[in-house]
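First comes the structure, then the notes that go with it.
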Amino acid sequence: MSDPIDRSDVRPEFWAHVPLTKMTQPEWEALCDGCGKCCLNKLEDEDSGEVVLTRVACKLLDDSDCLCTSYKTRHTYVPECIVLTPSTIQEHMYWLPQTCAYRLLHEGKPLFHWHPLLSGTAQSVHDAGVSVQDLTVSEANTPEDDWEDHIIEEPY
């Protein structure tokens, strides 16, 4: 499978030496590992503030490749979809997956060996078992009252 995320217009090993705030838009987009976890609906405990993942995915997620089917126009269909940027990463840190490249770099940690920027292939994230490939149910078919029945541990 070819890599659906364009990683051709980036500086070599940019993630290791370029701060998030200085990355070009193609570099920022290339950080996405294609795991699909950010497209899972989360539940937040009102008392503790703990956020858990469900396997209930955004209606636009294709869980065979873990990518948004309408990425560039997603806000037309899902107005509440969060746009992650260097200036908004801190406020959204609570819901970013532990394996997310944006989170890791923000925290000063290295990328995992399976990240496509290191492995050279989009398939590596699926082979490592850290994506939501073939794991999800669509929010379009799952009533919100049933989401608690679909809580999962984050795939590592």
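Ordering of the structure tokens sets the chain letters (A, B, ...); residue numbers start at 1 within each chain; ligands are numbered from 1 in the order shown.
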
Item to check | Near-segment 138-148 of chain A list (7 Å; only C-alpha atoms; drop same-chain fewer than 4 positions) as a list in words | outcome: Thr54, Val56, Ala57, Cys58 and Lys59 of chain A

Item to check | Neighbour list for Cys32 of chain A as a VMD selection string, cut-off 10 Å, only C-alpha atoms, skip fewer than 4 positions in-chain | outcome: chain A and resid 5 7 27 to 28 36 38 100 to 102 115 to 117

Same residues, C-alpha atoms, output as a PDB file, in the first residue's frame:
```
ATOM      1  CA  ILE A   5      -0.178  11.103   3.429  1.00  0.00           C
ATOM      2  CA  ARG A   7       5.567  13.146   2.913  1.00  0.00           C
ATOM      3  CA  GLU A  27       5.854  18.953   7.536  1.00  0.00           C
ATOM      4  CA  TRP A  28       3.078  19.432  10.098  1.00  0.00           C
ATOM      5  CA  GLY A  36      -6.910   6.990  13.243  1.00  0.00           C
ATOM      6  CA  CYS A  38      -7.759  11.009  16.946  1.00  0.00           C
ATOM      7  CA  CYS A 100       0.645  10.621  18.656  1.00  0.00           C
ATOM      8  CA  ALA A 101       3.671  12.253  16.997  1.00  0.00           C
ATOM      9  CA  TYR A 102       2.333  15.721  17.735  1.00  0.00           C
ATOM     10  CA  HIS A 115       6.159   5.924  12.529  1.00  0.00           C
ATOM     11  CA  PRO A 116       5.999   6.214   8.710  1.00  0.00           C
ATOM     12  CA  LEU A 117       8.600   9.007   8.739  1.00  0.00           C
TER      13      LEU A 117
END
```

Next on the checklist: Taking the DSSP secondary structure from the backbone, can you list the residues of chain A that are helix (DSSP H, G or I), as a PyMOL selection string?
Outcome noted: chain A and resi 14-17+20-22+25-30+37-39+71-77+89-95+101-106+116-119+123-127+139-141+144-150

Just write the chosen residues, C-alpha atoms, as a PDB file, in the first residue's frame.
```
ATOM      1  CA  PHE A  14      12.765  17.702  10.182  1.00  0.00           C
ATOM      2  CA  TRP A  15      10.955  16.312  13.238  1.00  0.00           C
ATOM      3  CA  ALA A  16      14.274  15.884  15.065  1.00  0.00           C
ATOM      4  CA  HIS A  17      15.453  19.487  14.728  1.00  0.00           C
ATOM      5  CA  LEU A  20       6.587  22.405  15.928  1.00  0.00           C
ATOM      6  CA  THR A  21       5.998  26.154  15.567  1.00  0.00           C
ATOM      7  CA  LYS A  22       8.569  26.398  12.745  1.00  0.00           C
ATOM      8  CA  GLN A  25       2.340  22.957   6.606  1.00  0.00           C
ATOM      9  CA  PRO A  26       3.495  19.860   4.662  1.00  0.00           C
ATOM     10  CA  GLU A  27       5.854  18.953   7.536  1.00  0.00           C
ATOM     11  CA  TRP A  28       3.078  19.432  10.098  1.00  0.00           C
ATOM     12  CA  GLU A  29       0.733  17.210   8.092  1.00  0.00           C
ATOM     13  CA  ALA A  30       3.477  14.601   7.586  1.00  0.00           C
ATOM     14  CA  LYS A  37      -7.075   7.277  17.048  1.00  0.00           C
ATOM     15  CA  CYS A  38      -7.759  11.009  16.946  1.00  0.00           C
ATOM     16  CA  CYS A  39     -10.954  10.220  15.014  1.00  0.00           C
ATOM     17  CA  TYR A  71     -10.109  15.454   5.193  1.00  0.00           C
ATOM     18  CA  LYS A  72      -9.957  18.756   3.305  1.00  0.00           C
ATOM     19  CA  THR A  73     -13.707  19.384   3.565  1.00  0.00           C
ATOM     20  CA  ARG A  74     -14.395  17.602   6.877  1.00  0.00           C
ATOM     21  CA  HIS A  75     -15.735  20.718   8.579  1.00  0.00           C
ATOM     22  CA  THR A  76     -18.606  20.779   6.107  1.00  0.00           C
ATOM     23  CA  TYR A  77     -19.732  17.407   7.507  1.00  0.00           C
ATOM     24  CA  ILE A  89      -1.789  21.602  20.815  1.00  0.00           C
ATOM     25  CA  GLN A  90      -1.552  22.418  24.517  1.00  0.00           C
ATOM     26  CA  GLU A  91      -5.300  22.846  24.950  1.00  0.00           C
ATOM     27  CA  HIS A  92      -5.986  19.580  23.119  1.00  0.00           C
ATOM     28  CA  MET A  93      -3.250  17.509  24.762  1.00  0.00           C
ATOM     29  CA  TYR A  94      -5.739  15.738  27.023  1.00  0.00           C
ATOM     30  CA  TRP A  95      -7.321  13.840  24.139  1.00  0.00           C
ATOM     31  CA  ALA A 101       3.671  12.253  16.997  1.00  0.00           C
ATOM     32  CA  TYR A 102       2.333  15.721  17.735  1.00  0.00           C
ATOM     33  CA  ARG A 103       2.087  14.867  21.428  1.00  0.00           C
ATOM     34  CA  LEU A 104       5.447  13.107  21.530  1.00  0.00           C
ATOM     35  CA  LEU A 105       7.317  15.991  19.906  1.00  0.00           C
ATOM     36  CA  HIS A 106       5.510  18.558  22.059  1.00  0.00           C
ATOM     37  CA  PRO A 116       5.999   6.214   8.710  1.00  0.00           C
ATOM     38  CA  LEU A 117       8.600   9.007   8.739  1.00  0.00           C
ATOM     39  CA  LEU A 118      11.078   6.489  10.187  1.00  0.00           C
ATOM     40  CA  SER A 119       9.855   3.259   8.610  1.00  0.00           C
ATOM     41  CA  GLN A 123       1.710   0.147   6.671  1.00  0.00           C
ATOM     42  CA  SER A 124       4.125   0.096   9.612  1.00  0.00           C
ATOM     43  CA  VAL A 125       1.633   1.747  11.979  1.00  0.00           C
ATOM     44  CA  HIS A 126      -0.887  -1.015  11.255  1.00  0.00           C
ATOM     45  CA  ASP A 127       1.720  -3.779  11.422  1.00  0.00           C
ATOM     46  CA  GLU A 139     -21.010   6.951  15.174  1.00  0.00           C
ATOM     47  CA  ALA A 140     -23.652   7.045  12.438  1.00  0.00           C
ATOM     48  CA  ASN A 141     -24.795   3.573  13.528  1.00  0.00           C
ATOM     49  CA  GLU A 144     -24.427   8.044  21.955  1.00  0.00           C
ATOM     50  CA  ASP A 145     -26.093   6.319  24.921  1.00  0.00           C
ATOM     51  CA  ASP A 146     -24.277   3.117  23.866  1.00  0.00           C
ATOM     52  CA  TRP A 147     -20.775   4.608  23.597  1.00  0.00           C
ATOM     53  CA  GLU A 148     -19.833   3.441  27.097  1.00  0.00           C
ATOM     54  CA  ASP A 149     -20.263  -0.136  25.821  1.00  0.00           C
ATOM     55  CA  HIS A 150     -17.437   0.545  23.351  1.00  0.00           C
TER      56      HIS A 150
END
```

Checklist entry - segment 8-115 of chain A: which residues are strand (DSSP E or B) by DSSP, as a PyMOL selection string? => result chain A and resi 40-44+51-57+61-62+67-68

Export, as a PDB file, in the first residue's frame, the selected residues with N, CA and C atoms.
```pdb
ATOM      1  N   LEU A  40     -11.451   8.803  16.910  1.00  0.00           N
ATOM      2  CA  LEU A  40     -12.341   8.051  17.791  1.00  0.00           C
ATOM      3  C   LEU A  40     -13.038   9.018  18.734  1.00  0.00           C
ATOM      4  N   ASN A  41     -14.280   8.745  19.031  1.00  0.00           N
ATOM      5  CA  ASN A  41     -14.996   9.549  20.014  1.00  0.00           C
ATOM      6  C   ASN A  41     -14.488   9.191  21.401  1.00  0.00           C
ATOM      7  N   LYS A  42     -14.342  10.218  22.214  1.00  0.00           N
ATOM      8  CA  LYS A  42     -13.849  10.052  23.573  1.00  0.00           C
ATOM      9  C   LYS A  42     -14.957  10.366  24.555  1.00  0.00           C
ATOM     10  N   LEU A  43     -14.832   9.791  25.739  1.00  0.00           N
ATOM     11  CA  LEU A  43     -15.748  10.096  26.827  1.00  0.00           C
ATOM     12  C   LEU A  43     -14.923  10.672  27.961  1.00  0.00           C
ATOM     13  N   GLU A  44     -15.450  11.722  28.585  1.00  0.00           N
ATOM     14  CA  GLU A  44     -14.745  12.359  29.692  1.00  0.00           C
ATOM     15  C   GLU A  44     -15.567  12.207  30.967  1.00  0.00           C
ATOM     16  N   VAL A  51     -10.201  11.052  30.409  1.00  0.00           N
ATOM     17  CA  VAL A  51     -10.716  10.866  29.062  1.00  0.00           C
ATOM     18  C   VAL A  51     -10.382   9.442  28.611  1.00  0.00           C
ATOM     19  N   VAL A  52     -11.392   8.746  28.109  1.00  0.00           N
ATOM     20  CA  VAL A  52     -11.183   7.386  27.602  1.00  0.00           C
ATOM     21  C   VAL A  52     -11.607   7.320  26.142  1.00  0.00           C
ATOM     22  N   LEU A  53     -10.985   6.411  25.425  1.00  0.00           N
ATOM     23  CA  LEU A  53     -11.317   6.189  24.023  1.00  0.00           C
ATOM     24  C   LEU A  53     -12.473   5.214  23.902  1.00  0.00           C
ATOM     25  N   THR A  54     -13.247   5.420  22.876  1.00  0.00           N
ATOM     26  CA  THR A  54     -14.235   4.411  22.492  1.00  0.00           C
ATOM     27  C   THR A  54     -13.840   3.944  21.095  1.00  0.00           C
ATOM     28  N   ARG A  55     -14.396   2.839  20.687  1.00  0.00           N
ATOM     29  CA  ARG A  55     -14.141   2.394  19.315  1.00  0.00           C
ATOM     30  C   ARG A  55     -15.177   2.965  18.360  1.00  0.00           C
ATOM     31  N   VAL A  56     -15.940   3.926  18.859  1.00  0.00           N
ATOM     32  CA  VAL A  56     -16.939   4.631  18.053  1.00  0.00           C
ATOM     33  C   VAL A  56     -16.216   5.742  17.295  1.00  0.00           C
ATOM     34  N   ALA A  57     -16.146   5.583  15.998  1.00  0.00           N
ATOM     35  CA  ALA A  57     -15.376   6.498  15.166  1.00  0.00           C
ATOM     36  C   ALA A  57     -16.251   7.553  14.506  1.00  0.00           C
ATOM     37  N   LEU A  61     -14.367   8.500   9.194  1.00  0.00           N
ATOM     38  CA  LEU A  61     -13.175   7.654   9.256  1.00  0.00           C
ATOM     39  C   LEU A  61     -13.377   6.371   8.464  1.00  0.00           C
ATOM     40  N   ASP A  62     -12.433   6.090   7.591  1.00  0.00           N
ATOM     41  CA  ASP A  62     -12.385   4.807   6.895  1.00  0.00           C
ATOM     42  C   ASP A  62     -11.431   3.940   7.698  1.00  0.00           C
ATOM     43  N   LEU A  67      -7.908   6.687   7.706  1.00  0.00           N
ATOM     44  CA  LEU A  67      -7.836   8.072   7.245  1.00  0.00           C
ATOM     45  C   LEU A  67      -9.231   8.639   7.048  1.00  0.00           C
ATOM     46  N   CYS A  68      -9.318   9.947   7.139  1.00  0.00           N
ATOM     47  CA  CYS A  68     -10.571  10.651   6.929  1.00  0.00           C
ATOM     48  C   CYS A  68     -10.939  10.589   5.445  1.00  0.00           C
TER      49      CYS A  68
END
```

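As for atom CA of Val78 of chain A and atom CA of Met23 of chain A, they are spaced 26.3 Å apart.
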
Checklist entry - What is the distance, in Å and to one decimal place, between atom CA of Ala122 of chain A and atom CA of Cys35 of chain A? => result 9.3 Å

Checklist entry - Mind pulling up the distance from atom CA of Leu84 of chain A to atom CA of Gly108 of chain A? => result 17.6 Å
